[in-house]
There are 2 protein chains.
Amino acid sequence: MTEMQSVTETAAKERDVTDLVLEDILTGVLPAGTWLKQIDLEKRYDCTRPEVRRALDRLSQKRLVEHVPNRGYHVYLPDGRRAQEVSDIRVILETAVADLMVERATPESIARLRALANHFDEMTMVGTVLEHYEANLAFHRELLLLSGNNELVDLVSEIRQRTSSAPVSQWRTRARVERSAREHHMMVDALEARDIARLKRLIEAHIRQTGDVAPAESAARQA
Amino acid sequence: MTEMQSVTETAAKERDVTDLVLEDILTGVLPAGTWLKQIDLEKRYDCTRPEVRRALDRLSQKRLVEHVPNRGYHVYLPDGRRAQEVSDIRVILETAVADLMVERATPESIARLRALANHFDEMTMVGTVLEHYEANLAFHRELLLLSGNNELVDLVSEIRQRTSSAPVSQWRTRARVERSAREHHMMVDALEARDIARLKRLIEAHIRQTGDVAPAESAARQA
DNA sequence: GTTACCAAAATTGGCGCCAATTTAGGATAC
DNA sequence: GTATCCTAAATTGGCGCCAATTTTGGTAAC
């Protein structure tokens with residue numbers, strides 16, 4: 001914890017500290033449970049004390065870090081139950097608007113989605129962890145935008161971050177990443193075929209598999 | 001804007017400033033569009049400058065106030081479209097778990113809900129605006145708790161606040177408040193009768209009517 | 001050898017000051 | 001009389017210092 005002062009240090013000047021810390025938590029640079037000492041962050045991101053404290057306060061509001069009075073802030077420990085609950089919420093929200101998405105889909109938007117799905121595929125090969133993560137986000141964002149509900153797009157982006165203590169570590173196995181990539185394309189296919197039921201099934205399966213609970217168990221819990 | 005320094009000033013010492021400002025926005029004491037000068041807030045809530053700024057930062061993260069750099073913070077102006085979108089999200093979430101609520105409902109939880117519905121009725125008569133608002137929140141919270149998804153309970157509480165520029169002003173007319181009170185009891189009835197479809201219909205109608213868009217239009221938009 | 005206590009170092013967190021930017025008002029020129 | 005520019009007051013926002021609390025390491029006593 002003391003020798004962190006390496007990669008992001010020089011390159012990242014003008015950007016917001018909150019986003020930088022967020023990125024490092026999301027990409028696993030700052031693992032779950034890590035105590036975030038204000039002095040260390042100050043040096044690591046080359047910023048002032050108040051900036052660090054504002055970032056930590058924001059992240060604790062977002063429930064990405066926990067604040068223990070007079071002890072400090074640490075990255076939230078993974079909570080299986082919470083992750084499960086968030087997955088359930090995502091399934092509810094994203095499948096609920098499947099009909100709207102089919103209704104509003106145009107050839108142009110489908111083309112954009114294909115491009116984003118392809119971009120995800122590329123990042124699987126050559127991109128960094130963060131680029132890969134963001135490519136996935138971009139695809140799902142574009143998909144949800146079809147619902148016409150901007151508030152929903154933002155909300156899902158938010159709750160997506162909630163489970164993420166070790167969000168990309170879920171993609172450790174190559175098999176799972178490739179399956180995700182394939183599912184992206186299948187979702188676009190279903191959208192193009194205007195098959196609402198199939199799209200819903202695909203969305204649910206896609207969300208559940210990325211959770212850290214086995215699909216079988218999550219289905220049991222749901223029932 | 002200069003002579004605000006009256007009610008809450010002396011009584012509120014030990015509580016968090018963020019909550020105090022939040023309350024005053026929710027109850028309409030600080031109307032939509034109001035510029036929140038840091039000095040005024042400092043005096044009004046008898047707190048320090050950093051406390052004010054932390055509160056304003058948190059509220060802007062929650063999108064209850066807007067931050068204009070070098071200009072200050074002002075209460076968000078009501079946005080019909082956003083309010084509509086938030087209502088849609090609430091309908092999706094709260095009706096989606098209706099079956100879970102019926103499944104998990106016990107005689108004890110139903111009794112608690114009846115008590116809370118009665119409490120809301122009382123507050124209609126004698127309570128302050130804030131008490132009334134919180135009585136409504138408490139009822140819906142208890143109802144959602146039946147879903148067993150704590151994350152969902154928190155999420156709905158959060159997005160509930162998003163529309164609230166003038167949240168209680170929606171309750172200006174006595175007729176509407178009384179209708180809400182009746183609907184609370186009807187929801188408990190449906191829950192007790194284990195009538196999922198009816199419960200869903202009630203929940204949707206209850207949420208839509210509190211929005212500032214007419215039910216007819218919102219239904220049209222949904223379809 | 002182990003445990004309890006004390007002291008010193010480190011870390012958090014509250015608070016206030018000062019610079020930068022904006023706004024409003026007044027004076028001057030047209 | 002009106003418009004424009006300039007100056008002054010006010011407000012925001014960045015930054016650093018110091019007190020309070022906690023933790024750790026050492027020492028002494030049992």
# chains A, B, ... in the order shown; residues from 1 in each chain; ligands from 1
$ residues_around --residues "region 75-85 of chain A" --least-positions-apart "5" --cutoff "6 Å" --atoms "only C-alpha atoms (C1' of nucleotides)" --output "MDAnalysis selection string"
(chainID A and resid 32:34 64:66 163 165) or (chainID B and resid 149)
$ closest_atom_pairs --of "chain A" --to "chain D" --cutoff "8 Å" --atoms "only C-alpha atoms (C1' of nucleotides)" --output "JSON lines"
{"residue": "A:Thr48", "atom": "CA", "partner": "D:DC15", "partner_atom": "C1'", "distance": 7.6}
{"residue": "A:Pro50", "atom": "CA", "partner": "D:DC15", "partner_atom": "C1'", "distance": 7.8}
{"residue": "A:Asn70", "atom": "CA", "partner": "D:DT21", "partner_atom": "C1'", "distance": 6.5}
{"residue": "A:Arg71", "atom": "CA", "partner": "D:DT22", "partner_atom": "C1'", "distance": 7.3}
$ select_by_dssp --residues "region 6-186 of chain A" --states "alpha helix (DSSP H)" --output "MDAnalysis selection string"
chainID A and resid 8:11 17:26 38:44 49:61 80:96 98:104 107:125 129:145 150:162 174:186
$ interface_residues --of "chain A" --to "chain C" --cutoff "9 Å" --atoms "only C-alpha atoms (C1' of nucleotides)" --output "PyMOL selection string"
chain A and resi 37-39+69-72
$ residues_around --residues "region 176-182 of chain A" --least-positions-apart "5" --cutoff "8 Å" --atoms "only C-alpha atoms (C1' of nucleotides)" --output "VMD selection string"
chain A and resid 117 120 to 121 124 171 206
$ write_last_selection --atoms "all heavy atoms" --output "PDB file, in the first residue's frame"
ATOM      1  N   ALA A 117     -20.620  -3.750 -30.541  1.00  0.00           N
ATOM      2  CA  ALA A 117     -20.380  -5.159 -30.230  1.00  0.00           C
ATOM      3  C   ALA A 117     -19.040  -5.599 -30.825  1.00  0.00           C
ATOM      4  O   ALA A 117     -18.255  -6.302 -30.174  1.00  0.00           O
ATOM      5  CB  ALA A 117     -21.515  -6.016 -30.780  1.00  0.00           C
ATOM      6  N   PHE A 120     -16.230  -4.216 -28.782  1.00  0.00           N
ATOM      7  CA  PHE A 120     -16.003  -5.047 -27.592  1.00  0.00           C
ATOM      8  C   PHE A 120     -15.142  -6.257 -27.939  1.00  0.00           C
ATOM      9  O   PHE A 120     -14.220  -6.604 -27.206  1.00  0.00           O
ATOM     10  CB  PHE A 120     -17.343  -5.489 -27.000  1.00  0.00           C
ATOM     11  CG  PHE A 120     -17.219  -6.311 -25.750  1.00  0.00           C
ATOM     12  CD1 PHE A 120     -17.109  -5.700 -24.513  1.00  0.00           C
ATOM     13  CD2 PHE A 120     -17.203  -7.698 -25.813  1.00  0.00           C
ATOM     14  CE1 PHE A 120     -16.986  -6.455 -23.349  1.00  0.00           C
ATOM     15  CE2 PHE A 120     -17.071  -8.466 -24.657  1.00  0.00           C
ATOM     16  CZ  PHE A 120     -16.968  -7.837 -23.427  1.00  0.00           C
ATOM     17  N   ASP A 121     -15.463  -6.881 -29.072  1.00  0.00           N
ATOM     18  CA  ASP A 121     -14.676  -8.028 -29.530  1.00  0.00           C
ATOM     19  C   ASP A 121     -13.201  -7.666 -29.677  1.00  0.00           C
ATOM     20  O   ASP A 121     -12.320  -8.370 -29.205  1.00  0.00           O
ATOM     21  CB  ASP A 121     -15.194  -8.520 -30.886  1.00  0.00           C
ATOM     22  CG  ASP A 121     -16.634  -9.011 -30.799  1.00  0.00           C
ATOM     23  OD1 ASP A 121     -17.108  -9.210 -29.664  1.00  0.00           O
ATOM     24  OD2 ASP A 121     -17.260  -9.191 -31.851  1.00  0.00           O
ATOM     25  N   THR A 124     -11.365  -7.261 -26.520  1.00  0.00           N
ATOM     26  CA  THR A 124     -11.062  -8.558 -25.925  1.00  0.00           C
ATOM     27  C   THR A 124      -9.649  -8.991 -26.287  1.00  0.00           C
ATOM     28  O   THR A 124      -8.939  -9.590 -25.488  1.00  0.00           O
ATOM     29  CB  THR A 124     -12.059  -9.624 -26.425  1.00  0.00           C
ATOM     30  OG1 THR A 124     -13.382  -9.188 -26.138  1.00  0.00           O
ATOM     31  CG2 THR A 124     -11.802 -10.958 -25.757  1.00  0.00           C
ATOM     32  N   TRP A 171     -14.309 -11.387 -15.307  1.00  0.00           N
ATOM     33  CA  TRP A 171     -13.999 -11.732 -16.691  1.00  0.00           C
ATOM     34  C   TRP A 171     -12.646 -12.440 -16.792  1.00  0.00           C
ATOM     35  O   TRP A 171     -12.029 -12.421 -17.836  1.00  0.00           O
ATOM     36  CB  TRP A 171     -13.960 -10.471 -17.562  1.00  0.00           C
ATOM     37  CG  TRP A 171     -15.287  -9.835 -17.686  1.00  0.00           C
ATOM     38  CD1 TRP A 171     -16.497 -10.367 -17.380  1.00  0.00           C
ATOM     39  CD2 TRP A 171     -15.554  -8.516 -18.178  1.00  0.00           C
ATOM     40  NE1 TRP A 171     -17.483  -9.462 -17.629  1.00  0.00           N
ATOM     41  CE2 TRP A 171     -16.950  -8.338 -18.122  1.00  0.00           C
ATOM     42  CE3 TRP A 171     -14.757  -7.482 -18.657  1.00  0.00           C
ATOM     43  CZ2 TRP A 171     -17.552  -7.143 -18.519  1.00  0.00           C
ATOM     44  CZ3 TRP A 171     -15.360  -6.316 -19.059  1.00  0.00           C
ATOM     45  CH2 TRP A 171     -16.744  -6.148 -18.994  1.00  0.00           C
ATOM     46  N   HIS A 206     -27.589 -12.833 -19.972  1.00  0.00           N
ATOM     47  CA  HIS A 206     -26.361 -12.043 -20.044  1.00  0.00           C
ATOM     48  C   HIS A 206     -26.033 -11.389 -18.701  1.00  0.00           C
ATOM     49  O   HIS A 206     -24.888 -11.391 -18.255  1.00  0.00           O
ATOM     50  CB  HIS A 206     -26.509 -10.969 -21.123  1.00  0.00           C
ATOM     51  CG  HIS A 206     -25.258 -10.208 -21.401  1.00  0.00           C
ATOM     52  ND1 HIS A 206     -24.160 -10.771 -21.996  1.00  0.00           N
ATOM     53  CD2 HIS A 206     -24.912  -8.919 -21.158  1.00  0.00           C
ATOM     54  CE1 HIS A 206     -23.205  -9.886 -22.108  1.00  0.00           C
ATOM     55  NE2 HIS A 206     -23.629  -8.743 -21.608  1.00  0.00           N
TER      56      HIS A 206
END
$ residues_around --residues "Glu142 (chain A)" --least-positions-apart "4" --cutoff "9 Å" --atoms "only C-alpha atoms (C1' of nucleotides)" --output "list in words"
Ser109, Arg112, Leu113, Leu116, Leu137, Ala138, Leu146 and Val153 of chain A
$ interface_residues --of "chain B" --to "chain A" --cutoff "12 Å" --atoms "only C-alpha atoms" --output "ChimeraX atom specification"
/B:18,50-51,53-63,79,81-97,99-100,103-104,147-156,158-159,162-163,221-223
$ write_last_selection --atoms "N, CA and C atoms" --output "short mmCIF file (atom, residue, chain, number, x, y, z; two decimals), in the first residue's frame"
data_model
loop_
_atom_site.label_atom_id
_atom_site.label_comp_id
_atom_site.auth_asym_id
_atom_site.auth_seq_id
_atom_site.Cartn_x
_atom_site.Cartn_y
_atom_site.Cartn_z
N THR B 18 -26.56 18.20 5.31
CA THR B 18 -27.10 17.70 4.04
C THR B 18 -28.58 17.36 4.17
N PRO B 50 -17.06 24.68 5.12
CA PRO B 50 -16.83 23.36 4.53
C PRO B 50 -18.04 22.44 4.64
N GLU B 51 -18.77 22.56 5.74
CA GLU B 51 -19.97 21.72 5.88
C GLU B 51 -21.00 22.05 4.81
N ARG B 53 -20.40 23.32 1.90
CA ARG B 53 -19.92 22.90 0.59
C ARG B 53 -20.02 21.40 0.40
N ARG B 54 -19.80 20.64 1.48
CA ARG B 54 -19.96 19.20 1.39
C ARG B 54 -21.42 18.85 1.10
N ALA B 55 -22.32 19.53 1.79
CA ALA B 55 -23.75 19.29 1.57
C ALA B 55 -24.13 19.61 0.13
N LEU B 56 -23.67 20.74 -0.38
CA LEU B 56 -24.01 21.15 -1.74
C LEU B 56 -23.44 20.17 -2.76
N ASP B 57 -22.23 19.71 -2.50
CA ASP B 57 -21.61 18.75 -3.41
C ASP B 57 -22.41 17.44 -3.45
N ARG B 58 -22.81 16.97 -2.25
CA ARG B 58 -23.59 15.73 -2.18
C ARG B 58 -24.91 15.89 -2.91
N LEU B 59 -25.58 17.01 -2.69
CA LEU B 59 -26.89 17.23 -3.31
C LEU B 59 -26.77 17.37 -4.82
N SER B 60 -25.65 17.90 -5.29
CA SER B 60 -25.47 18.01 -6.73
C SER B 60 -25.16 16.64 -7.34
N GLN B 61 -24.51 15.77 -6.54
CA GLN B 61 -24.30 14.40 -6.99
C GLN B 61 -25.62 13.68 -7.10
N LYS B 62 -26.51 13.97 -6.18
CA LYS B 62 -27.85 13.36 -6.20
C LYS B 62 -28.75 14.05 -7.21
N ARG B 63 -28.23 15.07 -7.85
CA ARG B 63 -28.96 15.83 -8.87
C ARG B 63 -30.20 16.52 -8.32
N ASP B 79 -38.53 19.31 -14.16
CA ASP B 79 -38.39 18.83 -15.53
C ASP B 79 -39.46 17.76 -15.78
N ARG B 81 -40.30 15.99 -18.31
CA ARG B 81 -39.86 14.76 -18.97
C ARG B 81 -39.16 13.83 -17.99
N ARG B 82 -38.25 14.40 -17.20
CA ARG B 82 -37.52 13.58 -16.22
C ARG B 82 -38.47 12.97 -15.21
N ALA B 83 -39.42 13.79 -14.73
CA ALA B 83 -40.38 13.30 -13.75
C ALA B 83 -41.15 12.11 -14.33
N GLN B 84 -41.51 12.23 -15.59
CA GLN B 84 -42.22 11.16 -16.27
C GLN B 84 -41.37 9.90 -16.34
N GLU B 85 -40.09 10.09 -16.69
CA GLU B 85 -39.19 8.95 -16.81
C GLU B 85 -38.98 8.25 -15.47
N VAL B 86 -38.86 9.05 -14.42
CA VAL B 86 -38.68 8.47 -13.09
C VAL B 86 -39.93 7.70 -12.68
N SER B 87 -41.10 8.25 -12.99
CA SER B 87 -42.35 7.55 -12.70
C SER B 87 -42.38 6.20 -13.42
N ASP B 88 -41.99 6.21 -14.68
CA ASP B 88 -41.96 4.97 -15.45
C ASP B 88 -41.06 3.93 -14.79
N ILE B 89 -39.89 4.40 -14.33
CA ILE B 89 -38.96 3.48 -13.67
C ILE B 89 -39.56 2.92 -12.40
N ARG B 90 -40.20 3.79 -11.63
CA ARG B 90 -40.81 3.33 -10.39
C ARG B 90 -41.90 2.30 -10.66
N VAL B 91 -42.69 2.54 -11.68
CA VAL B 91 -43.74 1.58 -12.02
C VAL B 91 -43.13 0.24 -12.37
N ILE B 92 -42.10 0.27 -13.18
CA ILE B 92 -41.42 -0.97 -13.57
C ILE B 92 -40.94 -1.73 -12.34
N LEU B 93 -40.20 -1.04 -11.48
CA LEU B 93 -39.59 -1.70 -10.33
C LEU B 93 -40.62 -2.20 -9.32
N GLU B 94 -41.57 -1.34 -8.99
CA GLU B 94 -42.47 -1.70 -7.89
C GLU B 94 -43.52 -2.71 -8.30
N THR B 95 -43.93 -2.70 -9.58
CA THR B 95 -44.89 -3.72 -10.01
C THR B 95 -44.19 -5.05 -10.27
N ALA B 96 -42.90 -4.97 -10.63
CA ALA B 96 -42.16 -6.19 -10.96
C ALA B 96 -42.04 -7.13 -9.77
N VAL B 97 -42.02 -6.56 -8.57
CA VAL B 97 -41.85 -7.40 -7.39
C VAL B 97 -43.16 -7.65 -6.66
N ASP B 99 -45.39 -9.90 -7.13
CA ASP B 99 -45.57 -11.31 -6.82
C ASP B 99 -44.74 -11.73 -5.61
N LEU B 100 -43.51 -11.20 -5.54
CA LEU B 100 -42.66 -11.50 -4.38
C LEU B 100 -43.28 -10.97 -3.10
N GLU B 103 -46.10 -13.14 -2.03
CA GLU B 103 -45.55 -14.40 -1.56
C GLU B 103 -45.00 -14.31 -0.13
N ARG B 104 -44.31 -13.20 0.13
CA ARG B 104 -43.62 -13.07 1.42
C ARG B 104 -44.45 -12.39 2.50
N SER B 147 -40.36 -7.44 -0.67
CA SER B 147 -39.73 -8.08 -1.83
C SER B 147 -38.49 -8.85 -1.41
N GLY B 148 -37.95 -8.52 -0.24
CA GLY B 148 -36.74 -9.19 0.23
C GLY B 148 -35.48 -8.63 -0.40
N ASN B 149 -35.65 -7.65 -1.27
CA ASN B 149 -34.49 -7.05 -1.95
C ASN B 149 -34.20 -5.67 -1.33
N ASN B 150 -33.25 -5.65 -0.40
CA ASN B 150 -32.94 -4.41 0.31
C ASN B 150 -32.35 -3.35 -0.61
N GLU B 151 -31.62 -3.83 -1.58
CA GLU B 151 -31.02 -2.91 -2.54
C GLU B 151 -32.11 -2.15 -3.30
N LEU B 152 -33.17 -2.85 -3.60
CA LEU B 152 -34.30 -2.25 -4.30
C LEU B 152 -34.97 -1.18 -3.45
N VAL B 153 -35.10 -1.45 -2.17
CA VAL B 153 -35.71 -0.49 -1.25
C VAL B 153 -34.92 0.82 -1.26
N ASP B 154 -33.60 0.69 -1.14
CA ASP B 154 -32.75 1.88 -1.14
C ASP B 154 -32.83 2.62 -2.48
N LEU B 155 -32.82 1.85 -3.55
CA LEU B 155 -32.82 2.45 -4.88
C LEU B 155 -34.08 3.27 -5.12
N VAL B 156 -35.21 2.73 -4.75
CA VAL B 156 -36.47 3.45 -4.96
C VAL B 156 -36.50 4.71 -4.08
N GLU B 158 -34.03 6.45 -3.31
CA GLU B 158 -33.16 7.40 -3.98
C GLU B 158 -33.84 8.09 -5.16
N ILE B 159 -34.36 7.30 -6.07
CA ILE B 159 -34.93 7.89 -7.28
C ILE B 159 -36.20 8.68 -6.98
N ARG B 162 -35.45 12.23 -6.81
CA ARG B 162 -34.91 12.88 -8.00
C ARG B 162 -35.87 13.84 -8.67
N THR B 163 -37.15 13.48 -8.62
CA THR B 163 -38.12 14.33 -9.29
C THR B 163 -38.48 15.54 -8.46
N ARG B 221 -47.84 7.32 -23.40
CA ARG B 221 -46.40 7.31 -23.59
C ARG B 221 -45.83 5.93 -23.39
N GLN B 222 -46.36 5.26 -22.35
CA GLN B 222 -45.88 3.93 -22.01
C GLN B 222 -46.13 2.97 -23.16
N ALA B 223 -47.29 3.10 -23.81
CA ALA B 223 -47.65 2.19 -24.89
C ALA B 223 -46.97 2.57 -26.19
#
$ select_by_dssp --residues "region 59-200 of chain B" --states "strand (DSSP E or B)" --output "MDAnalysis selection string"
chainID B and resid 65:68 72:75
$ write_last_selection --atoms "all heavy atoms" --output "CSV table (one decimal), in the first residue's frame"
chain,number,residue,atom,x,y,z
B,65,VAL,N,-29.6,19.6,-6.7
B,65,VAL,CA,-29.2,21.0,-7.1
B,65,VAL,C,-28.3,20.9,-8.2
B,65,VAL,O,-27.6,19.9,-8.5
B,65,VAL,CB,-28.6,21.7,-5.9
B,65,VAL,CG1,-29.5,21.7,-4.7
B,65,VAL,CG2,-27.2,21.1,-5.5
B,66,GLU,N,-28.2,22.0,-8.9
B,66,GLU,CA,-27.3,22.1,-10.1
B,66,GLU,C,-26.1,23.0,-9.7
B,66,GLU,O,-26.3,24.1,-9.1
B,66,GLU,CB,-28.0,22.6,-11.3
B,66,GLU,CG,-27.1,22.5,-12.6
B,66,GLU,CD,-27.8,23.0,-13.8
B,66,GLU,OE1,-28.9,23.7,-13.7
B,66,GLU,OE2,-27.3,22.8,-14.9
B,67,HIS,N,-24.9,22.6,-10.1
B,67,HIS,CA,-23.7,23.4,-9.8
B,67,HIS,C,-23.3,24.1,-11.1
B,67,HIS,O,-23.0,23.5,-12.1
B,67,HIS,CB,-22.6,22.5,-9.3
B,67,HIS,CG,-21.3,23.2,-9.1
B,67,HIS,ND1,-21.2,24.4,-8.4
B,67,HIS,CD2,-20.1,22.9,-9.5
B,67,HIS,CE1,-20.0,24.7,-8.3
B,67,HIS,NE2,-19.3,23.9,-9.1
B,68,VAL,N,-23.2,25.4,-11.0
B,68,VAL,CA,-22.7,26.2,-12.1
B,68,VAL,C,-21.4,26.8,-11.7
B,68,VAL,O,-21.3,27.6,-10.8
B,68,VAL,CB,-23.6,27.4,-12.5
B,68,VAL,CG1,-23.1,28.1,-13.7
B,68,VAL,CG2,-25.0,26.8,-12.7
B,72,GLY,N,-22.3,29.2,-8.5
B,72,GLY,CA,-22.9,28.7,-7.3
B,72,GLY,C,-23.9,27.5,-7.6
B,72,GLY,O,-23.8,26.9,-8.7
B,73,TYR,N,-24.7,27.2,-6.6
B,73,TYR,CA,-25.6,26.1,-6.7
B,73,TYR,C,-27.0,26.6,-6.6
B,73,TYR,O,-27.3,27.5,-5.9
B,73,TYR,CB,-25.4,25.2,-5.5
B,73,TYR,CG,-24.0,24.5,-5.4
B,73,TYR,CD1,-22.9,25.3,-4.9
B,73,TYR,CD2,-23.8,23.2,-5.8
B,73,TYR,CE1,-21.7,24.7,-4.8
B,73,TYR,CE2,-22.5,22.7,-5.7
B,73,TYR,CZ,-21.5,23.4,-5.3
B,73,TYR,OH,-20.2,22.8,-5.2
B,74,HIS,N,-27.9,26.0,-7.5
B,74,HIS,CA,-29.3,26.4,-7.3
B,74,HIS,C,-30.2,25.1,-7.4
B,74,HIS,O,-29.8,24.1,-8.0
B,74,HIS,CB,-29.8,27.4,-8.4
B,74,HIS,CG,-29.7,26.8,-9.8
B,74,HIS,ND1,-30.7,26.1,-10.4
B,74,HIS,CD2,-28.7,26.9,-10.7
B,74,HIS,CE1,-30.3,25.7,-11.6
B,74,HIS,NE2,-29.1,26.2,-11.8
B,75,VAL,N,-31.4,25.2,-6.8
B,75,VAL,CA,-32.3,24.0,-6.8
B,75,VAL,C,-32.7,23.7,-8.2
B,75,VAL,O,-33.1,24.7,-8.9
B,75,VAL,CB,-33.5,24.3,-5.9
B,75,VAL,CG1,-34.4,23.1,-5.8
B,75,VAL,CG2,-33.0,24.7,-4.5
$ atom_distance --atom1 "CA of Gln161 (chain B)" --atom2 "CA of Ala98 (chain A)"
26.1 Å
$ atom_distance --atom1 "CA of Leu30 (chain B)" --atom2 "CA of Lys43 (chain B)"
14.9 Å
$ atom_distance --atom1 "CA of Pro107 (chain A)" --atom2 "CA of Leu202 (chain A)"
20.3 Å
$ calpha_fit_rmsd --fixed "chain A" --moving "chain B"
0.1 Å
